[in-house]
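Coordinates from model.csv are shown below (CSV, C-alpha atoms).
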```csv
chain,number,residue,atom,x,y,z
A,240,MET,CA,8.9,-19.3,-10.3
A,241,ILE,CA,7.5,-16.7,-8.0
A,242,ARG,CA,8.6,-16.8,-4.4
A,243,VAL,CA,6.8,-14.9,-1.8
A,244,PHE,CA,8.7,-14.1,1.4
A,245,LEU,CA,6.9,-13.0,4.5
A,246,ALA,CA,8.3,-11.7,7.8
A,247,GLU,CA,6.4,-10.7,10.9
A,248,VAL,CA,7.9,-7.6,12.3
A,249,GLU,CA,7.3,-5.6,15.5
A,250,SER,CA,8.9,-2.4,14.3
A,251,ARG,CA,9.5,-0.8,10.9
A,252,ILE,CA,11.9,-2.4,8.5
A,253,THR,CA,12.7,-0.7,5.2
A,254,SER,CA,12.2,-2.3,1.9
A,255,GLU,CA,15.9,-2.0,1.1
A,256,ILE,CA,16.9,-4.0,4.2
A,257,PHE,CA,14.3,-6.6,3.5
A,258,ILE,CA,15.4,-7.2,-0.1
A,259,GLN,CA,19.1,-7.2,1.1
A,260,ARG,CA,18.3,-9.9,3.6
A,261,ILE,CA,16.4,-12.0,1.0
A,262,ALA,CA,19.1,-11.5,-1.6
A,263,ASN,CA,21.9,-12.5,0.7
A,264,ASN,CA,20.2,-15.5,2.4
A,265,HIS,CA,17.9,-16.9,-0.3
A,266,LEU,CA,19.1,-15.8,-3.7
A,267,GLY,CA,22.9,-16.1,-3.2
A,268,ILE,CA,23.5,-12.5,-4.2
A,269,VAL,CA,26.4,-11.0,-2.3
A,270,ARG,CA,26.0,-7.6,-0.8
A,271,GLU,CA,28.5,-5.9,-3.1
A,272,LYS,CA,26.5,-6.9,-6.2
A,273,LEU,CA,23.2,-5.7,-4.8
A,274,ILE,CA,22.6,-2.3,-6.3
A,275,ILE,CA,19.0,-0.9,-6.2
A,276,ASP,CA,17.8,1.8,-8.6
A,277,LYS,CA,14.4,3.1,-9.4
A,278,ASN,CA,12.6,3.6,-12.7
A,279,GLN,CA,11.2,7.0,-13.6
A,280,TYR,CA,8.1,6.3,-11.6
A,281,GLY,CA,9.9,5.1,-8.5
A,282,LYS,CA,9.6,1.4,-8.8
A,283,PRO,CA,12.8,-0.2,-7.6
A,284,PHE,CA,14.8,-2.8,-9.5
A,285,LEU,CA,18.2,-4.6,-9.1
A,286,VAL,CA,20.7,-3.1,-11.4
A,287,ASN,CA,23.0,-6.1,-11.8
A,288,PHE,CA,20.2,-8.7,-12.1
A,289,PRO,CA,17.8,-7.7,-14.9
A,290,ASN,CA,16.1,-11.1,-14.7
A,291,VAL,CA,15.4,-10.9,-11.0
A,292,HIS,CA,12.3,-8.8,-10.5
A,293,TYR,CA,11.0,-8.0,-7.0
A,294,ASN,CA,8.4,-6.0,-5.3
A,295,VAL,CA,7.9,-5.3,-1.5
A,296,SER,CA,4.9,-4.3,0.5
A,297,HIS,CA,4.5,-3.7,4.2
A,298,THR,CA,1.8,-2.9,6.7
A,299,LYS,CA,1.7,-2.9,10.5
A,300,GLY,CA,3.1,-6.2,11.6
A,301,LEU,CA,4.1,-7.8,8.3
A,302,ILE,CA,6.4,-7.2,5.4
A,303,VAL,CA,6.2,-9.2,2.2
A,304,CYS,CA,8.4,-9.5,-0.9
A,305,ALA,CA,7.7,-11.3,-4.2
A,306,ILE,CA,10.7,-12.4,-6.3
A,307,SER,CA,10.1,-13.5,-9.9
A,308,ASP,CA,11.8,-13.8,-13.3
A,309,SER,CA,9.2,-11.4,-14.8
A,310,CYS,CA,7.6,-8.2,-13.7
A,311,VAL,CA,5.6,-8.6,-10.4
A,312,GLY,CA,3.5,-6.6,-8.0
A,313,ILE,CA,2.6,-7.5,-4.5
A,314,ASP,CA,0.5,-5.9,-1.7
A,315,VAL,CA,-0.4,-6.8,1.9
A,316,GLU,CA,-3.2,-5.4,4.0
A,317,ARG,CA,-4.3,-6.2,7.5
A,318,ILE,CA,-7.9,-7.3,7.8
A,319,LYS,CA,-9.6,-4.6,9.8
A,320,PRO,CA,-12.8,-2.5,9.8
A,321,PHE,CA,-12.7,-0.3,6.7
A,322,ASN,CA,-14.0,3.1,5.7
A,323,LYS,CA,-17.1,2.2,3.6
A,324,CYS,CA,-16.9,5.6,2.0
A,325,ILE,CA,-13.8,4.5,0.2
A,326,VAL,CA,-15.6,1.7,-1.4
A,327,GLU,CA,-18.6,3.8,-2.3
A,328,LYS,CA,-16.5,6.6,-3.7
A,329,PHE,CA,-13.6,4.9,-5.4
A,330,PHE,CA,-14.4,1.2,-6.2
A,331,SER,CA,-16.0,0.0,-9.4
A,332,GLY,CA,-19.6,-1.3,-9.4
A,333,ASN,CA,-18.3,-4.9,-9.6
A,334,GLU,CA,-15.9,-4.3,-6.7
A,335,ARG,CA,-18.6,-2.6,-4.6
A,336,GLU,CA,-21.0,-5.5,-5.2
A,337,TYR,CA,-18.3,-8.0,-4.2
A,338,VAL,CA,-17.5,-6.2,-1.0
A,339,PHE,CA,-21.1,-5.5,0.0
A,340,THR,CA,-22.8,-8.6,-1.4
A,341,CYS,CA,-23.3,-10.1,2.1
A,342,GLN,CA,-23.2,-8.7,5.6
A,343,GLU,CA,-20.5,-11.2,6.7
A,344,ASN,CA,-16.8,-11.1,5.8
A,345,GLN,CA,-16.9,-7.6,4.4
A,346,ASP,CA,-13.6,-6.7,6.1
A,347,GLU,CA,-12.0,-9.7,4.4
A,348,ARG,CA,-13.5,-9.0,1.1
A,349,PHE,CA,-12.4,-5.4,1.2
A,350,ALA,CA,-8.8,-6.4,2.1
A,351,GLU,CA,-8.9,-8.9,-0.8
A,352,ILE,CA,-10.1,-6.4,-3.4
A,353,TRP,CA,-7.8,-3.7,-2.1
A,354,THR,CA,-4.7,-5.9,-2.3
A,355,LYS,CA,-5.6,-7.0,-5.8
A,356,LYS,CA,-5.9,-3.4,-6.9
A,357,GLU,CA,-2.6,-2.4,-5.3
A,358,ALA,CA,-0.8,-5.4,-6.6
A,359,TYR,CA,-2.0,-4.6,-10.1
A,360,VAL,CA,-0.8,-0.9,-10.0
A,361,LYS,CA,2.5,-2.0,-8.5
A,362,TRP,CA,2.9,-4.5,-11.3
A,363,LEU,CA,2.3,-1.8,-13.8
A,364,GLY,CA,4.9,0.4,-12.0
A,365,ASN,CA,4.0,3.4,-14.1
A,366,GLY,CA,3.2,5.8,-11.3
A,367,ILE,CA,-0.6,5.2,-11.2
A,368,GLU,CA,-1.8,5.2,-7.7
A,369,VAL,CA,-5.0,3.7,-6.4
A,370,PRO,CA,-7.5,5.2,-6.9
A,371,PHE,CA,-6.6,8.3,-8.8
A,372,GLU,CA,-7.1,6.6,-12.1
A,373,PRO,CA,-10.1,4.4,-11.5
A,374,PHE,CA,-10.1,0.9,-12.9
A,375,ASP,CA,-12.0,-2.4,-12.2
A,376,ILE,CA,-9.7,-5.2,-10.9
A,377,CYS,CA,-12.5,-7.6,-11.9
A,378,HIS,CA,-11.6,-6.8,-15.5
A,379,GLU,CA,-7.8,-7.0,-15.2
A,380,GLY,CA,-7.5,-10.8,-15.3
A,381,GLU,CA,-8.1,-13.0,-12.3
A,382,GLU,CA,-5.6,-15.5,-13.9
A,383,LYS,CA,-2.8,-13.0,-13.3
A,384,LEU,CA,-3.7,-12.7,-9.6
A,385,TYR,CA,-2.8,-14.9,-6.7
A,386,THR,CA,-4.4,-14.0,-3.4
A,387,PHE,CA,-4.0,-15.7,-0.1
A,388,SER,CA,-4.3,-15.0,3.6
A,389,HIS,CA,-1.7,-15.2,6.3
A,390,GLY,CA,-3.2,-14.9,9.8
A,391,ASN,CA,-5.0,-11.6,9.9
A,392,TYR,CA,-3.6,-10.4,6.6
A,393,TYR,CA,-4.5,-10.6,2.9
A,394,ILE,CA,-1.7,-10.7,0.3
A,395,SER,CA,-2.1,-10.4,-3.5
A,396,VAL,CA,0.5,-11.0,-6.2
A,397,PHE,CA,0.0,-9.9,-9.8
A,398,SER,CA,2.1,-11.2,-12.6
A,399,GLU,CA,1.7,-11.7,-16.4
A,400,ARG,CA,3.0,-15.2,-16.1
A,401,LEU,CA,1.4,-16.2,-12.8
A,402,ALA,CA,-0.9,-18.9,-14.3
A,403,LYS,CA,2.1,-20.9,-15.4
A,404,ILE,CA,4.1,-20.6,-12.2
A,405,ASN,CA,3.8,-22.0,-8.8
A,406,VAL,CA,3.9,-19.5,-5.9
A,407,SER,CA,5.8,-20.7,-2.9
A,408,GLU,CA,5.6,-18.9,0.4
A,409,VAL,CA,8.7,-18.6,2.6
A,410,ILE,CA,8.4,-17.3,6.1
A,411,ILE,CA,11.6,-15.8,7.3
A,412,ASN,CA,12.8,-14.4,10.6
A,413,ILE,CA,14.0,-10.8,10.9
B,183,MET,CA,-10.7,23.5,14.8
B,184,THR,CA,-7.1,23.9,16.1
B,185,ASN,CA,-4.1,22.5,14.4
B,186,GLN,CA,-3.7,20.0,17.3
B,187,GLU,CA,-7.3,18.8,16.7
B,188,LYS,CA,-6.6,18.5,13.0
B,189,ILE,CA,-3.4,16.5,13.7
B,190,ALA,CA,-5.4,14.3,16.0
B,191,LEU,CA,-7.8,13.6,13.1
B,192,LEU,CA,-4.9,12.7,10.9
B,193,GLU,CA,-3.4,10.4,13.6
B,194,ASP,CA,-6.7,8.7,14.0
B,195,MET,CA,-7.1,8.3,10.2
B,196,MET,CA,-3.6,6.7,9.9
B,197,GLU,CA,-4.0,4.7,13.1
B,198,LEU,CA,-1.0,6.5,14.7
B,199,GLU,CA,-0.4,6.9,18.3
B,200,GLU,CA,-0.9,10.4,19.8
B,201,GLY,CA,2.1,12.6,19.3
B,202,MET,CA,3.6,10.5,16.4
B,203,ILE,CA,3.3,13.4,13.9
B,204,THR,CA,3.7,17.2,14.1
B,205,GLN,CA,3.2,20.0,11.7
B,206,ASP,CA,6.8,19.6,10.6
B,207,THR,CA,6.7,15.8,10.0
B,208,THR,CA,7.6,14.9,6.4
B,209,LEU,CA,5.1,12.6,4.9
B,210,ILE,CA,7.7,10.4,3.2
B,211,ASP,CA,8.8,9.5,6.7
B,212,VAL,CA,5.4,8.3,7.8
B,213,GLU,CA,5.0,4.6,6.9
B,214,GLU,CA,1.3,4.8,7.3
B,215,TRP,CA,1.0,7.5,4.6
B,216,ASP,CA,0.0,5.0,1.9
B,217,SER,CA,-2.7,4.7,-0.7
B,218,MET,CA,-5.3,3.9,1.9
B,219,ALA,CA,-4.4,7.0,3.9
B,220,LYS,CA,-4.6,9.2,0.8
B,221,LEU,CA,-8.1,7.9,0.0
B,222,SER,CA,-9.1,8.3,3.6
B,223,LEU,CA,-7.9,11.9,3.5
B,224,ILE,CA,-10.1,12.6,0.5
B,225,VAL,CA,-13.1,11.3,2.4
B,226,LEU,CA,-12.1,13.1,5.6
B,227,MET,CA,-11.7,16.4,3.7
B,228,ASP,CA,-15.1,16.0,2.1
B,229,GLU,CA,-17.0,15.0,5.3
B,230,GLU,CA,-15.3,17.2,7.9
B,231,PHE,CA,-14.2,20.2,5.9
B,232,SER,CA,-16.6,20.1,2.8
B,233,LYS,CA,-13.6,20.4,0.6
B,234,THR,CA,-12.8,18.4,-2.6
B,235,LEU,CA,-9.2,17.1,-2.7
B,236,THR,CA,-7.7,15.7,-5.9
B,237,GLY,CA,-5.0,13.1,-6.4
B,238,LYS,CA,-2.9,15.7,-8.1
B,239,LYS,CA,-3.1,17.9,-5.1
B,240,ILE,CA,-2.2,15.1,-2.7
B,241,LYS,CA,0.9,14.3,-4.7
B,242,GLU,CA,2.1,17.8,-4.0
B,243,PHE,CA,1.9,17.4,-0.2
B,244,ARG,CA,5.3,17.2,1.4
B,245,THR,CA,4.6,17.8,5.1
B,246,ILE,CA,1.7,17.5,7.6
B,247,GLN,CA,1.6,21.3,7.5
B,248,ASP,CA,0.7,21.1,3.8
B,249,ILE,CA,-2.4,19.1,4.7
B,250,LEU,CA,-3.3,21.5,7.6
B,251,ASP,CA,-3.1,24.4,5.2
B,252,ILE,CA,-5.7,22.8,2.9
B,253,MET,CA,-8.0,22.1,5.9
B,254,GLY,CA,-8.3,25.8,6.5
B,255,GLU,CA,-7.2,28.5,9.0
B,256,GLU,CA,-6.7,27.4,12.5
B,257,GLN,CA,-9.5,28.3,14.9
B,258,GLU,CA,-9.2,29.0,18.6
B,259,SER,CA,-10.6,26.1,20.7
B,260,ASN,CA,-13.6,27.0,22.8
```

Could the structure of this file be written out as C-alpha coordinates, please?
Amino acid sequence: MIRVFLAEVESRITSEIFIQRIANNHLGIVREKLIIDKNQYGKPFLVNFPNVHYNVSHTKGLIVCAISDSCVGIDVERIKPFNKCIVEKFFSGNEREYVFTCQENQDERFAEIWTKKEAYVKWLGNGIEVPFEPFDICHEGEEKLYTFSHGNYYISVFSERLAKINVSEVIINI
Amino acid sequence: MTNQEKIALLEDMMELEEGMITQDTTLIDVEEWDSMAKLSLIVLMDEEFSKTLTGKKIKEFRTIQDILDIMGEEQESN
(Lines of atoms letter the chains of each structure in order from A and count residues from 1; the text may use other names and numbers.)
(Lines give C-alpha, C1' and ligand atoms only; values in the text may rest on other atoms or scores of the structure.)
Protein backbone atom coordinates (compact mmCIF):
# COMPACT_ATOMS: atom_id res chain seq x y z
CA MET A 1 0.00 0.00 0.00
CA ILE A 2 1.19 3.48 -0.77
CA ARG A 3 0.13 6.21 1.60
CA VAL A 4 0.51 9.84 0.69
CA PHE A 5 0.67 12.33 3.54
CA LEU A 6 0.04 16.01 2.90
CA ALA A 7 0.51 18.97 5.22
CA GLU A 8 -0.25 22.58 4.46
CA VAL A 9 2.52 24.67 5.99
CA GLU A 10 3.02 28.39 6.40
CA SER A 11 6.75 28.23 6.92
CA ARG A 12 9.53 25.89 6.00
CA ILE A 13 9.58 22.44 7.55
CA THR A 14 12.43 20.06 6.82
CA SER A 15 11.97 16.65 5.25
CA GLU A 16 13.53 15.08 8.34
CA ILE A 17 11.01 16.65 10.70
CA PHE A 18 8.13 15.67 8.44
CA ILE A 19 9.15 12.01 8.18
CA GLN A 20 9.78 11.94 11.95
CA ARG A 21 6.26 13.21 12.55
CA ILE A 22 4.74 10.65 10.17
CA ALA A 23 6.85 7.79 11.52
CA ASN A 24 5.93 8.58 15.12
CA ASN A 25 2.24 9.28 14.63
CA HIS A 26 1.23 7.05 11.71
CA LEU A 27 3.74 4.22 11.37
CA GLY A 28 4.31 3.39 15.01
CA ILE A 29 8.04 3.93 14.75
CA VAL A 30 9.59 5.29 17.92
CA ARG A 31 12.02 8.15 17.62
CA GLU A 32 15.00 6.11 18.84
CA LYS A 33 14.61 3.64 15.95
CA LEU A 34 14.28 6.30 13.29
CA ILE A 35 17.70 6.62 11.71
CA ILE A 36 17.90 8.28 8.30
CA ASP A 37 20.80 7.72 5.94
CA LYS A 38 21.30 8.60 2.29
CA ASN A 39 22.39 6.51 -0.67
CA GLN A 40 25.40 7.53 -2.73
CA TYR A 41 23.21 9.90 -4.76
CA GLY A 42 21.60 11.55 -1.77
CA LYS A 43 18.25 9.74 -1.68
CA PRO A 44 17.31 9.24 1.99
CA PHE A 45 16.18 5.93 3.50
CA LEU A 46 15.33 4.49 6.91
CA VAL A 47 18.24 2.43 8.18
CA ASN A 48 16.28 0.16 10.52
CA PHE A 49 13.28 -0.37 8.23
CA PRO A 50 14.45 -1.64 4.82
CA ASN A 51 10.86 -2.46 3.80
CA VAL A 52 9.58 1.03 4.51
CA HIS A 53 10.40 3.31 1.58
CA TYR A 54 9.65 6.99 1.65
CA ASN A 55 10.11 10.11 -0.40
CA VAL A 56 9.35 13.73 0.47
CA SER A 57 8.68 16.79 -1.69
CA HIS A 58 7.82 20.32 -0.73
CA THR A 59 6.93 23.56 -2.34
CA LYS A 60 5.69 26.87 -1.02
CA GLY A 61 2.67 26.09 1.19
CA LEU A 62 2.64 22.29 0.99
CA ILE A 63 4.82 19.34 1.94
CA VAL A 64 4.03 15.78 0.88
CA CYS A 65 5.43 12.36 1.70
CA ALA A 66 4.84 8.97 0.07
CA ILE A 67 5.29 5.84 2.19
CA SER A 68 5.47 2.47 0.43
CA ASP A 69 6.75 -1.07 0.78
CA SER A 70 8.73 -0.59 -2.44
CA CYS A 71 10.80 2.17 -3.95
CA VAL A 72 8.76 5.34 -4.50
CA GLY A 73 9.18 8.87 -5.81
CA ILE A 74 6.91 11.86 -5.21
CA ASP A 75 6.78 15.47 -6.32
CA VAL A 76 4.51 18.44 -5.65
CA GLU A 77 4.24 21.63 -7.62
CA ARG A 78 2.04 24.67 -7.22
CA ILE A 79 -0.07 25.54 -10.24
CA LYS A 80 1.22 28.91 -11.41
CA PRO A 81 2.26 30.68 -14.60
CA PHE A 82 5.29 28.88 -15.96
CA ASN A 83 8.32 29.78 -18.03
CA LYS A 84 7.41 28.60 -21.52
CA CYS A 85 11.08 28.53 -22.48
CA ILE A 86 11.56 25.64 -20.07
CA VAL A 87 9.03 23.59 -22.00
CA GLU A 88 10.46 24.60 -25.35
CA LYS A 89 14.05 23.91 -24.37
CA PHE A 90 13.83 20.90 -22.11
CA PHE A 91 10.59 18.97 -22.63
CA SER A 92 10.22 16.15 -25.15
CA GLY A 93 8.02 16.57 -28.23
CA ASN A 94 5.23 14.57 -26.62
CA GLU A 95 5.43 16.60 -23.44
CA ARG A 96 5.46 19.91 -25.33
CA GLU A 97 2.43 18.84 -27.33
CA TYR A 98 0.56 17.87 -24.16
CA VAL A 99 1.26 21.22 -22.46
CA PHE A 100 0.61 23.44 -25.47
CA THR A 101 -2.15 21.44 -27.17
CA CYS A 102 -4.80 23.94 -26.09
CA GLN A 103 -4.79 27.49 -24.82
CA GLU A 104 -6.65 26.64 -21.63
CA ASN A 105 -5.23 24.80 -18.64
CA GLN A 106 -1.62 25.11 -19.75
CA ASP A 107 -0.47 25.94 -16.22
CA GLU A 108 -2.18 22.82 -14.90
CA ARG A 109 -0.76 20.68 -17.69
CA PHE A 110 2.72 22.00 -17.07
CA ALA A 111 2.48 21.25 -13.34
CA GLU A 112 1.18 17.77 -14.15
CA ILE A 113 4.01 16.89 -16.55
CA TRP A 114 6.63 18.49 -14.34
CA THR A 115 5.61 16.52 -11.24
CA LYS A 116 5.52 13.31 -13.26
CA LYS A 117 9.06 13.89 -14.49
CA GLU A 118 10.32 14.76 -11.02
CA ALA A 119 8.55 11.82 -9.37
CA TYR A 120 10.18 9.53 -11.91
CA VAL A 121 13.73 10.78 -11.33
CA LYS A 122 13.19 10.72 -7.57
CA TRP A 123 11.98 7.12 -7.85
CA LEU A 124 15.16 6.29 -9.75
CA GLY A 125 17.18 7.93 -6.99
CA ASN A 126 20.36 7.68 -8.99
CA GLY A 127 21.34 11.32 -9.06
CA ILE A 128 19.72 12.24 -12.36
CA GLU A 129 18.15 15.66 -12.19
CA VAL A 130 15.46 17.07 -14.40
CA PRO A 131 16.32 17.95 -17.15
CA PHE A 132 20.04 17.42 -17.39
CA GLU A 133 19.51 13.99 -18.90
CA PRO A 134 16.46 14.44 -21.12
CA PHE A 135 13.77 11.80 -21.15
CA ASP A 136 10.13 11.51 -22.16
CA ILE A 137 7.82 10.82 -19.25
CA CYS A 138 5.16 9.75 -21.77
CA HIS A 139 7.37 6.70 -22.43
CA GLU A 140 8.10 5.81 -18.83
CA GLY A 141 4.85 4.03 -18.06
CA GLU A 142 1.66 5.84 -17.16
CA GLU A 143 0.61 2.77 -15.17
CA LYS A 144 3.42 3.52 -12.72
CA LEU A 145 2.27 7.07 -12.15
CA TYR A 146 -0.49 8.38 -9.93
CA THR A 147 -1.24 12.08 -10.28
CA PHE A 148 -3.81 14.11 -8.41
CA SER A 149 -4.50 17.69 -7.46
CA HIS A 150 -4.88 19.17 -4.00
CA GLY A 151 -6.20 22.69 -4.11
CA ASN A 152 -3.77 24.68 -6.18
CA TYR A 153 -1.18 21.92 -6.30
CA TYR A 154 -0.38 18.92 -8.46
CA ILE A 155 1.15 15.83 -6.88
CA SER A 156 2.61 12.83 -8.72
CA VAL A 157 3.72 9.49 -7.30
CA PHE A 158 5.87 7.03 -9.24
CA SER A 159 6.25 3.42 -8.18
CA GLU A 160 6.94 0.12 -9.94
CA ARG A 161 4.03 -1.50 -8.12
CA LEU A 162 1.61 1.38 -8.25
CA ALA A 163 -0.90 -0.39 -10.52
CA LYS A 164 -1.57 -3.07 -7.91
CA ILE A 165 -1.83 -0.74 -4.96
CA ASN A 166 -4.33 1.76 -3.76
CA VAL A 167 -3.04 5.18 -2.90
CA SER A 168 -4.57 6.72 0.17
CA GLU A 169 -4.19 10.37 0.96
CA VAL A 170 -3.83 11.47 4.55
CA ILE A 171 -3.93 15.14 5.42
CA ILE A 172 -2.08 15.86 8.64
CA ASN A 173 -1.70 18.97 10.73
CA ILE A 174 1.74 20.38 11.50
CA MET B 1 24.51 45.21 -14.37
CA THR B 2 25.37 45.53 -10.67
CA ASN B 3 25.51 42.56 -8.32
CA GLN B 4 22.41 43.90 -6.60
CA GLU B 5 20.55 43.91 -9.89
CA LYS B 6 21.70 40.38 -10.62
CA ILE B 7 20.56 39.26 -7.19
CA ALA B 8 17.21 40.91 -7.83
CA LEU B 9 16.92 38.84 -11.01
CA LEU B 10 17.65 35.66 -9.06
CA GLU B 11 15.13 36.60 -6.37
CA ASP B 12 12.53 37.19 -9.02
CA MET B 13 13.39 33.90 -10.70
CA MET B 14 12.97 31.95 -7.46
CA GLU B 15 9.98 33.99 -6.27
CA LEU B 16 11.89 35.18 -3.22
CA GLU B 17 11.14 38.37 -1.38
CA GLU B 18 13.63 41.17 -1.76
CA GLY B 19 16.62 40.79 0.55
CA MET B 20 16.19 37.05 1.08
CA ILE B 21 19.54 36.22 -0.49
CA THR B 22 22.96 37.84 -0.56
CA GLN B 23 26.22 37.07 -2.34
CA ASP B 24 27.22 34.86 0.59
CA THR B 25 24.02 32.82 0.75
CA THR B 26 24.68 29.09 0.44
CA LEU B 27 22.42 27.54 -2.19
CA ILE B 28 21.73 24.44 -0.12
CA ASP B 29 20.01 26.74 2.38
CA VAL B 30 17.65 28.18 -0.23
CA GLU B 31 14.54 26.01 -0.35
CA GLU B 32 13.57 27.51 -3.68
CA TRP B 33 16.83 26.40 -5.33
CA ASP B 34 15.22 23.33 -6.86
CA SER B 35 15.12 21.69 -10.28
CA MET B 36 12.75 24.33 -11.61
CA ALA B 37 15.06 27.11 -10.46
CA LYS B 38 18.05 25.44 -12.11
CA LEU B 39 16.21 25.22 -15.42
CA SER B 40 15.05 28.79 -15.07
CA LEU B 41 18.64 29.85 -14.48
CA ILE B 42 19.75 28.18 -17.73
CA VAL B 43 17.05 30.14 -19.56
CA LEU B 44 17.93 33.36 -17.74
CA MET B 45 21.62 33.05 -18.54
CA ASP B 46 20.83 32.46 -22.18
CA GLU B 47 18.35 35.30 -22.54
CA GLU B 48 19.89 37.98 -20.31
CA PHE B 49 23.59 37.21 -20.54
CA SER B 50 23.92 35.23 -23.79
CA LYS B 51 25.74 32.51 -21.95
CA THR B 52 25.26 28.75 -22.11
CA LEU B 53 25.06 27.06 -18.74
CA THR B 54 25.39 23.28 -18.39
CA GLY B 55 23.92 21.01 -15.75
CA LYS B 56 27.44 19.99 -14.78
CA LYS B 57 28.38 23.59 -14.11
CA ILE B 58 25.24 24.21 -12.07
CA LYS B 59 26.05 21.25 -9.84
CA GLU B 60 29.33 22.97 -8.96
CA PHE B 61 27.58 26.09 -7.63
CA ARG B 62 27.75 26.44 -3.86
CA THR B 63 26.82 30.07 -3.22
CA ILE B 64 24.98 32.92 -4.91
CA GLN B 65 28.40 34.44 -5.60
CA ASP B 66 29.23 31.44 -7.81
CA ILE B 67 26.25 32.33 -10.00
CA LEU B 68 27.14 36.03 -10.05
CA ASP B 69 30.64 35.13 -11.19
CA ILE B 70 29.25 33.27 -14.19
CA MET B 71 27.02 36.20 -15.07
CA GLY B 72 30.07 38.35 -15.65
CA GLU B 73 31.87 41.27 -14.08
CA GLU B 74 29.86 43.76 -12.09
CA GLN B 75 29.09 46.96 -13.96
CA GLU B 76 28.45 50.35 -12.37
CA SER B 77 24.80 51.40 -12.44
CA ASN B 78 24.03 54.47 -14.55

Between CA of Glu347 (chain A) and CA of Thr236 (chain B), what is the spacing in Å?
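CA of Glu347 (chain A) lies 27.7 Å from CA of Thr236 (chain B).
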
Within 12 Å of chain B: residues of chain A, using all atoms listed in the file, as a ChimeraX atom specification
/A:250-254,296-300,302,314-317,319-330,349-350,353-354,356-358,360-361,366-373

Need the shell around Met227 (chain B): protein/DNA/RNA residues with any atom at most 12 Å away, counting only C-alpha atoms. Skip same-chain ones fewer than 4 positions apart. Format as an MDAnalysis selection string?
chainID B and resid 188 191:192 195 219:223 231:236 240 249:254

Of the candidates A:Ile241, A:Glu336, A:Ile352, A:Leu273, which shows the shortest atom-to-atom distance to His292 (chain A), using only C-alpha atoms?
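Closest to His292 (chain A) of all the choices is A:Ile241.
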
Neighbouring residues of Glu193 (chain B) were defined as those with any atom within 9 Å, considering all atoms listed in the file; residues of the same chain fewer than 6 positions away were excluded. Please report them as number ranges by chain.
B: 199-203

Enter the distance from CA of Ile210 (chain B) to CA of His265 (chain A), in Å, rounded to one decimal.
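Going from CA of Ile210 (chain B) over to CA of His265 (chain A) covers 29.4 Å.
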
Hey, can you check how far CA of Ile258 (chain A) sits from CA of Ile313 (chain A)?
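Going from CA of Ile258 (chain A) over to CA of Ile313 (chain A), I get 13.5 Å.
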
Show me the residues around (7.8, -15.2, -4.1) - criterion: an atom at most 6 Å away, all atoms listed in the file counted - as a PyMOL selection string.
chain A and resi 241-244+305-306+407

Do you know which residues are at most 7 Å from region 395-399 of chain A counting only C-alpha atoms, after dropping those on the same chain fewer than 2 positions away, and could you put them as a list in words?
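Here the answer would be Cys310, Val311, Gly312, Ile313, Asp314, Val315, Thr354, Lys355, Ala358, Tyr359, Trp362, Lys383, Leu384, Tyr385, Thr386, Phe387, Tyr393 and Leu401 of chain A.
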
With distances taken over only C-alpha atoms, which residue among A:Ser331, A:Asn287, A:Asn263, A:Asn294 lies nearest Asp375 (chain A)?
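Closest to Asp375 (chain A) of all the choices is A:Ser331.
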
Considering all atoms listed in the file, can you say which of A:Asn391, A:Leu245, A:Asn278, A:Glu255 comes closest to Ile410 (chain A)?
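Smallest separation from Ile410 (chain A) among the options: A:Leu245.
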